[in-house]
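Data from run_13.tsv: TSV, C-alpha atoms
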chain	number	residue	atom	x	y	z
A	1	MET	CA	129.59	36.68	75.33
A	2	SER	CA	125.91	36.06	76.09
A	3	ASP	CA	124.18	36.17	79.47
A	4	LEU	CA	125.31	33.43	81.87
A	5	ALA	CA	121.98	33.31	83.68
A	6	PRO	CA	120.96	29.86	82.29
A	7	PHE	CA	123.78	28.28	84.31
A	8	ALA	CA	122.37	27.57	87.75
A	9	GLU	CA	124.26	28.32	90.91
A	10	VAL	CA	124.83	25.27	93.08
A	11	PRO	CA	126.34	24.66	96.53
A	12	ALA	CA	130.13	24.40	96.63
A	13	ARG	CA	130.11	20.67	97.42
A	14	ALA	CA	128.15	19.93	94.24
A	15	VAL	CA	130.95	21.21	92.02
A	16	GLY	CA	133.61	19.16	93.73
A	17	SER	CA	135.30	22.01	95.54
A	18	GLY	CA	135.31	20.18	98.87
A	19	GLY	CA	134.43	23.49	100.54
A	20	ASP	CA	131.59	24.44	102.80
A	21	PRO	CA	129.46	27.46	101.87
A	22	ARG	CA	129.76	28.63	105.48
A	23	ASP	CA	133.56	28.61	105.25
A	24	GLY	CA	135.00	32.08	104.65
A	25	ASN	CA	137.49	30.59	102.17
A	26	CYS	CA	134.86	29.84	99.54
A	27	GLU	CA	131.94	31.59	97.89
A	28	PRO	CA	128.56	31.18	99.64
A	29	ALA	CA	126.99	30.02	96.39
A	30	VAL	CA	129.49	28.89	93.82
A	31	ARG	CA	128.55	28.94	90.17
A	32	SER	CA	128.85	25.78	88.10
A	33	THR	CA	132.25	25.00	86.64
A	34	VAL	CA	131.04	25.76	83.13
A	35	ALA	CA	129.57	29.10	84.17
A	36	ARG	CA	132.78	30.10	85.94
A	37	ALA	CA	134.85	29.22	82.86
A	38	LEU	CA	132.53	31.26	80.66
A	39	GLY	CA	132.74	34.06	83.20
A	40	VAL	CA	136.52	34.08	82.84
A	41	LEU	CA	136.25	34.35	79.05
A	42	GLU	CA	133.67	37.10	79.39
A	43	VAL	CA	136.07	39.46	81.17
A	44	PHE	CA	138.01	40.00	77.94
A	45	SER	CA	136.79	42.81	75.70
A	46	ALA	CA	137.99	45.23	73.04
A	47	GLY	CA	139.30	47.45	75.81
A	48	HIS	CA	140.86	44.56	77.75
A	49	LEU	CA	142.60	42.32	75.23
A	50	GLU	CA	145.31	41.22	77.67
A	51	LEU	CA	144.81	40.63	81.39
A	52	THR	CA	146.94	39.33	84.24
A	53	LEU	CA	145.72	36.47	86.39
A	54	SER	CA	144.91	38.87	89.22
A	55	GLU	CA	142.90	41.08	86.89
A	56	ILE	CA	140.99	38.07	85.57
A	57	ALA	CA	140.16	36.91	89.09
A	58	ARG	CA	138.99	40.38	90.14
A	59	ARG	CA	136.91	41.05	87.04
A	60	ALA	CA	135.34	37.56	87.14
A	61	GLY	CA	134.66	37.77	90.87
A	62	LEU	CA	136.61	34.60	91.64
A	63	PRO	CA	139.16	33.68	94.31
A	64	LEU	CA	142.68	33.80	92.91
A	65	THR	CA	143.21	30.06	93.37
A	66	THR	CA	139.98	29.27	91.49
A	67	ALA	CA	140.88	31.65	88.69
A	68	HIS	CA	144.37	30.09	88.47
A	69	ARG	CA	142.89	26.62	88.01
A	70	ILE	CA	140.31	27.69	85.42
A	71	VAL	CA	142.76	29.83	83.48
A	72	GLY	CA	145.20	26.92	83.42
A	73	GLU	CA	142.56	24.58	81.99
A	74	LEU	CA	141.46	27.13	79.39
A	75	THR	CA	145.07	27.74	78.38
A	76	ARG	CA	145.81	24.02	77.99
A	77	TRP	CA	142.73	23.70	75.73
A	78	GLY	CA	143.70	26.78	73.70
A	79	ALA	CA	140.84	29.11	74.66
A	80	LEU	CA	143.44	31.39	76.29
A	81	GLU	CA	147.09	32.01	75.45
A	82	ARG	CA	150.00	33.47	77.41
A	83	ALA	CA	151.02	36.85	76.04
A	84	ASP	CA	154.62	38.02	75.71
A	85	HIS	CA	154.35	40.15	78.84
A	86	GLY	CA	153.05	37.27	80.96
A	87	GLY	CA	149.36	38.12	80.82
A	88	TYR	CA	146.61	36.18	79.10
A	89	GLN	CA	144.67	36.81	75.91
A	90	VAL	CA	141.95	35.00	73.97
A	91	GLY	CA	143.39	32.01	72.09
A	92	LEU	CA	143.00	31.02	68.46
A	93	ARG	CA	141.28	27.75	69.40
A	94	LEU	CA	138.32	29.73	70.69
A	95	TRP	CA	138.21	31.71	67.44
A	96	GLU	CA	138.27	28.46	65.44
A	97	VAL	CA	135.25	27.13	67.29
A	98	GLY	CA	133.40	30.44	67.18
A	99	ALA	CA	133.91	30.70	63.42
A	100	LEU	CA	131.81	27.54	63.01
A	101	ALA	CA	128.66	29.21	64.35
A	102	PRO	CA	126.12	28.82	61.51
A	103	ARG	CA	124.64	32.30	61.90
A	104	GLY	CA	128.09	33.81	61.48
A	105	HIS	CA	129.96	31.42	59.21
A	106	GLY	CA	127.31	30.56	56.59
A	107	LEU	CA	125.96	34.10	56.48
A	108	ARG	CA	129.43	35.60	56.18
A	109	GLU	CA	130.42	33.29	53.33
A	110	ILE	CA	127.36	34.31	51.29
A	111	ALA	CA	127.50	37.97	52.25
A	112	LEU	CA	131.21	38.68	51.76
A	113	PRO	CA	131.18	39.21	47.95
A	114	PHE	CA	128.32	41.70	48.29
A	115	LEU	CA	130.01	43.45	51.21
A	116	GLU	CA	133.18	43.75	49.14
A	117	ASP	CA	131.19	45.21	46.22
A	118	LEU	CA	129.55	47.71	48.58
A	119	TYR	CA	132.94	48.65	49.94
A	120	GLU	CA	134.38	49.15	46.45
A	121	ALA	CA	131.42	51.37	45.56
A	122	THR	CA	131.67	53.54	48.68
A	123	ARG	CA	135.18	53.16	50.14
A	124	GLN	CA	133.55	53.54	53.55
A	125	ASN	CA	132.92	51.26	56.54
A	126	VAL	CA	130.75	48.28	55.61
A	127	GLN	CA	129.29	46.16	58.41
A	128	LEU	CA	127.21	43.00	58.80
A	129	GLY	CA	125.40	42.19	62.04
A	130	VAL	CA	122.98	39.78	63.70
A	131	VAL	CA	120.95	39.84	66.92
A	132	ASP	CA	122.40	38.14	69.97
A	133	GLY	CA	120.39	38.56	73.14
A	134	THR	CA	119.50	42.24	73.28
A	135	ASP	CA	122.51	43.41	71.23
A	136	VAL	CA	123.73	43.44	67.67
A	137	VAL	CA	126.91	41.43	67.12
A	138	TYR	CA	129.02	42.36	64.11
A	139	VAL	CA	130.15	39.27	62.20
A	140	GLU	CA	132.06	41.18	59.52
A	141	ARG	CA	133.45	44.65	58.86
A	142	ILE	CA	135.41	46.07	55.94
A	143	ALA	CA	136.96	49.54	56.14
A	144	ALA	CA	139.56	51.74	54.53
A	145	ARG	CA	142.15	53.57	56.61
A	146	THR	CA	140.73	56.83	55.30
A	147	ALA	CA	137.13	56.01	56.30
A	148	VAL	CA	135.48	57.73	59.25
A	149	ALA	CA	136.52	56.13	62.55
A	150	VAL	CA	134.04	53.73	64.15
A	151	ILE	CA	134.12	51.93	67.49
A	152	THR	CA	132.83	48.62	66.14
A	153	ARG	CA	134.83	45.69	64.84
A	154	ALA	CA	134.14	42.09	63.82
A	155	GLY	CA	133.03	40.25	66.94
A	156	SER	CA	132.02	43.35	68.88
A	157	ARG	CA	128.51	44.07	70.10
A	158	MET	CA	126.42	47.20	70.47
A	159	PRO	CA	122.95	47.97	71.85
A	160	LEU	CA	120.24	47.75	69.22
A	161	HIS	CA	118.74	51.21	69.70
A	162	ALA	CA	121.78	53.29	68.68
A	163	THR	CA	123.14	51.82	65.43
A	164	GLY	CA	121.76	51.56	61.93
A	165	VAL	CA	122.12	47.78	61.86
A	166	GLY	CA	120.57	47.54	65.32
A	167	LEU	CA	117.57	49.70	64.38
A	168	VAL	CA	116.88	47.43	61.40
A	169	LEU	CA	117.07	44.27	63.51
A	170	LEU	CA	114.88	45.84	66.17
A	171	ALA	CA	112.32	47.06	63.63
A	172	PHE	CA	111.81	43.56	62.23
A	173	ALA	CA	111.81	41.74	65.59
A	174	ASP	CA	108.59	40.53	67.18
A	175	VAL	CA	106.56	42.97	69.22
A	176	ALA	CA	107.31	41.32	72.58
A	177	PHE	CA	111.05	41.66	71.98
A	178	GLN	CA	110.65	45.27	70.89
A	179	GLU	CA	108.71	46.11	74.03
A	180	ARG	CA	111.40	44.49	76.19
A	181	ILE	CA	114.04	46.73	74.60
A	182	LEU	CA	111.83	49.82	74.88
A	183	ALA	CA	111.15	49.16	78.55
A	184	ALA	CA	114.83	48.75	79.50
A	185	PRO	CA	117.29	51.59	80.18
A	186	MET	CA	119.03	52.68	76.98
A	187	ARG	CA	122.64	53.83	76.85
A	188	ARG	CA	123.28	57.35	75.58
A	189	PHE	CA	126.42	57.69	73.43
A	190	THR	CA	125.88	61.28	72.24
A	191	GLU	CA	123.22	63.95	72.61
A	192	LYS	CA	121.65	62.57	69.42
A	193	THR	CA	121.22	59.01	70.73
A	194	ILE	CA	117.55	58.06	70.85
A	195	VAL	CA	116.77	56.96	74.40
A	196	ASN	CA	113.12	58.01	74.58
A	197	PRO	CA	110.87	54.92	74.14
A	198	ALA	CA	108.10	56.81	72.33
A	199	GLU	CA	110.54	58.35	69.87
A	200	LEU	CA	112.30	55.02	69.30
A	201	ARG	CA	108.95	53.33	68.68
A	202	ARG	CA	108.20	55.86	65.93
A	203	VAL	CA	111.65	55.40	64.40
A	204	ILE	CA	111.49	51.61	64.20
A	205	ALA	CA	107.98	51.78	62.70
A	206	ASP	CA	109.39	54.01	59.95
A	207	VAL	CA	112.38	51.69	59.46
A	208	ARG	CA	110.07	48.70	59.04
A	209	HIS	CA	107.95	50.61	56.51
A	210	ARG	CA	110.86	51.97	54.45
A	211	ARG	CA	113.21	48.98	54.91
A	212	ILE	CA	116.04	51.39	55.58
A	213	ALA	CA	117.51	52.86	58.76
A	214	ILE	CA	119.54	56.04	59.08
A	215	SER	CA	121.39	56.53	62.35
A	216	ASP	CA	122.92	60.01	62.33
A	217	GLY	CA	125.41	60.83	65.08
A	218	GLN	CA	123.90	58.38	67.55
A	219	VAL	CA	127.16	56.59	68.38
A	220	THR	CA	129.72	59.22	67.34
A	221	LEU	CA	128.74	62.68	66.19
A	222	ASP	CA	130.96	62.61	63.12
A	223	ALA	CA	129.38	59.53	61.51
A	224	LEU	CA	126.06	58.36	60.13
A	225	SER	CA	124.96	54.85	59.25
A	226	VAL	CA	122.66	53.68	56.45
A	227	ALA	CA	121.39	50.13	57.02
A	228	ALA	CA	119.04	47.64	55.37
A	229	PRO	CA	117.55	44.24	56.31
A	230	ILE	CA	118.70	40.86	55.03
A	231	PHE	CA	115.94	38.27	54.63
A	232	GLY	CA	116.23	34.49	54.92
A	233	THR	CA	114.39	31.69	53.12
A	234	ASP	CA	111.38	32.00	55.42
A	235	GLY	CA	111.04	35.71	54.70
A	236	ARG	CA	112.18	36.73	58.17
A	237	VAL	CA	115.03	39.18	58.75
A	238	THR	CA	118.13	37.22	59.77
A	239	ALA	CA	120.75	39.98	59.62
A	240	ALA	CA	121.36	43.56	58.55
A	241	LEU	CA	124.14	45.42	56.78
A	242	SER	CA	125.20	49.03	56.88
A	243	VAL	CA	127.61	51.55	55.47
A	244	VAL	CA	128.99	54.11	57.93
A	245	VAL	CA	130.09	57.42	56.40
A	246	PRO	CA	131.09	60.92	57.54
A	247	ASN	CA	128.06	62.84	58.77
A	248	GLU	CA	128.53	65.58	56.19
A	249	HIS	CA	127.64	63.05	53.48
A	250	SER	CA	124.05	62.71	52.29
A	251	ALA	CA	122.45	59.48	53.50
A	252	GLN	CA	120.21	59.44	50.42
A	253	GLU	CA	123.10	58.77	48.03
A	254	TYR	CA	123.93	55.51	49.81
A	255	ILE	CA	120.42	54.06	50.06
A	256	PRO	CA	120.33	52.45	46.56
A	257	VAL	CA	123.67	50.63	46.93
A	258	VAL	CA	122.88	49.49	50.48
A	259	HIS	CA	119.51	48.16	49.34
A	260	ALA	CA	121.12	46.39	46.38
A	261	ALA	CA	123.74	44.68	48.57
A	262	ALA	CA	121.14	43.58	51.13
A	263	ARG	CA	118.90	42.24	48.39
A	264	GLY	CA	121.77	40.27	46.85
A	265	ILE	CA	122.66	38.65	50.17
A	266	SER	CA	119.00	37.85	50.82
A	267	ARG	CA	118.74	36.07	47.48
A	268	GLY	CA	121.93	34.18	48.27
A	269	LEU	CA	120.29	32.98	51.49
A	270	GLY	CA	117.31	31.68	49.53
A	271	TRP	CA	114.88	34.59	49.92
A	272	ARG	CA	112.51	35.25	47.06
A	273	PRO	CA	110.36	38.40	47.01
A	274	VAL	CA	106.63	37.80	46.93
Show me, as structure tokens, the structure contained in the file I just sent.
Amino acid sequence: MSDLAPFAEVPARAVGSGGDPRDGNCEPAVRSTVARALGVLEVFSAGHLELTLSEIARRAGLPLTTAHRIVGELTRWGALERADHGGYQVGLRLWEVGALAPRGHGLREIALPFLEDLYEATRQNVQLGVVDGTDVVYVERIAARTAVAVITRAGSRMPLHATGVGLVLLAFADVAFQERILAAPMRRFTEKTIVNPAELRRVIADVRHRRIAISDGQVTLDALSVAAPIFGTDGRVTAALSVVVPNEHSAQEYIPVVHAAARGISRGLGWRPV
């Protein structure tokens, strides 16, 4: 989920709680109802697919009674579902709505045949991602059981600086956005993760020039990623795709097929080379 900062915090009375901010039984500054509901959804992740009500309340920073009411409303709408063991998990209704997002749905429909071709040619992990906030969000992934293990999946997000797809998206972003990423702390996944701003600046300049990114051992030491940009009608990069392979493979052998798949998707989106 994206940052909840745009939702203003308002006094408790303004959201119909009937409480007084000075009362110890309510929060001194209660977030809006919408923000609190989004906060509940945000506590779920790949590592926390099922949570009890108490866990949801604790992770969302809400009183148990407030969490109970919000979870009940989200469950009735279908955004959450009761699991077999009594906990809660993300509901299919939320997936249905999320699948309508134009940047994910339209792009995925056009890209999927090319992703499947790339998968058939490599039998490795094939991924498609877009920028969301300061992360890359993966909107599709195809992988064989025998492919090198990766920690990403469709719907997951990763920081831009560490992945092949992320490096491509960062390289073709505007300068102000790049500088914001370079100025912020960067997570280190392995000893090979690039966290030095000067080094990262050199890397993304090379990625922009070559239109290819190679991320070797930056997320897991046993894997490398080869990624290329996908251009939209206006000539701007709207997404990126990658193939993730064992690190003993040569990145060079994958560059032509990755470029070809990215170019095919770009043409499908209406891009025409100048």
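Closest approach to Gly270 of chain A from the set A:Arg208, A:Arg236, A:Arg108, A:Arg145 is made by A:Arg236, with distances taken over only C-alpha atoms.
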Which residue of A:His85, A:Ala239, A:Phe231, A:Leu224 approaches Arg272 of chain A most closely, using all atoms listed in the file: A:Phe231
Please identify all polymer residues lying at most 8 Å from the point (141.1, 30.8, 73.4) (file coordinates), using only C-alpha atoms, and present the result as a ChimeraX atom specification. /A:74-75,77-81,89-95
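Comparing the minimum interatomic distances between Val148 of chain A and each of A:Gly268, A:Pro273, A:Pro246, A:Gly47, counting all atoms listed in the file, we find that A:Pro246 sits nearest.
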Test item: residues at most 12 Å from Glu248 of chain A, all atoms listed in the file, excluding those fewer than 5 positions along its chain, as a ChimeraX atom specification: /A:148,216-217,221-225,253
Give me, as JSON, numbers by chain, all polymer residues having an atom no more than 8 Å from Ala171 of chain A, counting all atoms listed in the file and skipping those fewer than 3 positions away in the same chain. {"A": [167, 168, 178, 204, 205, 207, 208]}
So the first atom is atom CA of Pro159 of chain A and the second is atom CA of Val136 of chain A; what is the distance between them in Å, to one decimal place? 6.2 Å
Which neighbours of Ile70 of chain A fall inside 12 Å, counting only C-alpha atoms, when residues of the same chain fewer than 6 positions from it are skipped, and could you give them as an NGL selection string? :A and (32-41 or 53 or 56-57 or 60 or 62-64 or 76-77 or 79-80)
What is the distance, in Å and to one decimal place, between atom CA of Thr65 of chain A and atom CA of Thr52 of chain A? 13.5 Å
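What separates atom CA of Asp117 of chain A from atom CA of Val257 of chain A is a distance of 9.3 Å.
The closest residue to Val243 of chain A, picked from A:Val203, A:Ile214, A:Ile181, A:Ile230 and counting all atoms listed in the file, is A:Ile214.
Proximity ranking of A:Leu51, A:Thr66, A:Asn125, A:Val219 relative to Asp84 of chain A places A:Leu51 first, based on only C-alpha atoms.
Taking all atoms listed in the file into account, Ala261 of chain A lies nearest to A:Leu128 out of the set A:Ser45, A:Arg69, A:Leu128, A:Arg123.
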Could you name the residues that touch Leu118 of chain A at 10 Å or less, counting all atoms listed in the file, but leaving out those on the same chain fewer than 2 positions away, as a compact mmCIF listing (two decimals) with C-alpha atoms, in the coordinates of the input?
# COMPACT_ATOMS: atom_id res chain seq x y z
CA LEU A 112 131.21 38.68 51.76
CA PRO A 113 131.18 39.21 47.95
CA PHE A 114 128.32 41.70 48.29
CA LEU A 115 130.01 43.45 51.21
CA GLU A 116 133.18 43.75 49.14
CA GLU A 120 134.38 49.15 46.45
CA ALA A 121 131.42 51.37 45.56
CA THR A 122 131.67 53.54 48.68
CA ARG A 123 135.18 53.16 50.14
CA GLN A 124 133.55 53.54 53.55
CA ASN A 125 132.92 51.26 56.54
CA VAL A 126 130.75 48.28 55.61
CA GLN A 127 129.29 46.16 58.41
CA ILE A 142 135.41 46.07 55.94
CA SER A 242 125.20 49.03 56.88
CA VAL A 243 127.61 51.55 55.47
CA TYR A 254 123.93 55.51 49.81
CA VAL A 257 123.67 50.63 46.93
CA VAL A 258 122.88 49.49 50.48
CA ALA A 260 121.12 46.39 46.38
CA ALA A 261 123.74 44.68 48.57
CA ALA A 262 121.14 43.58 51.13
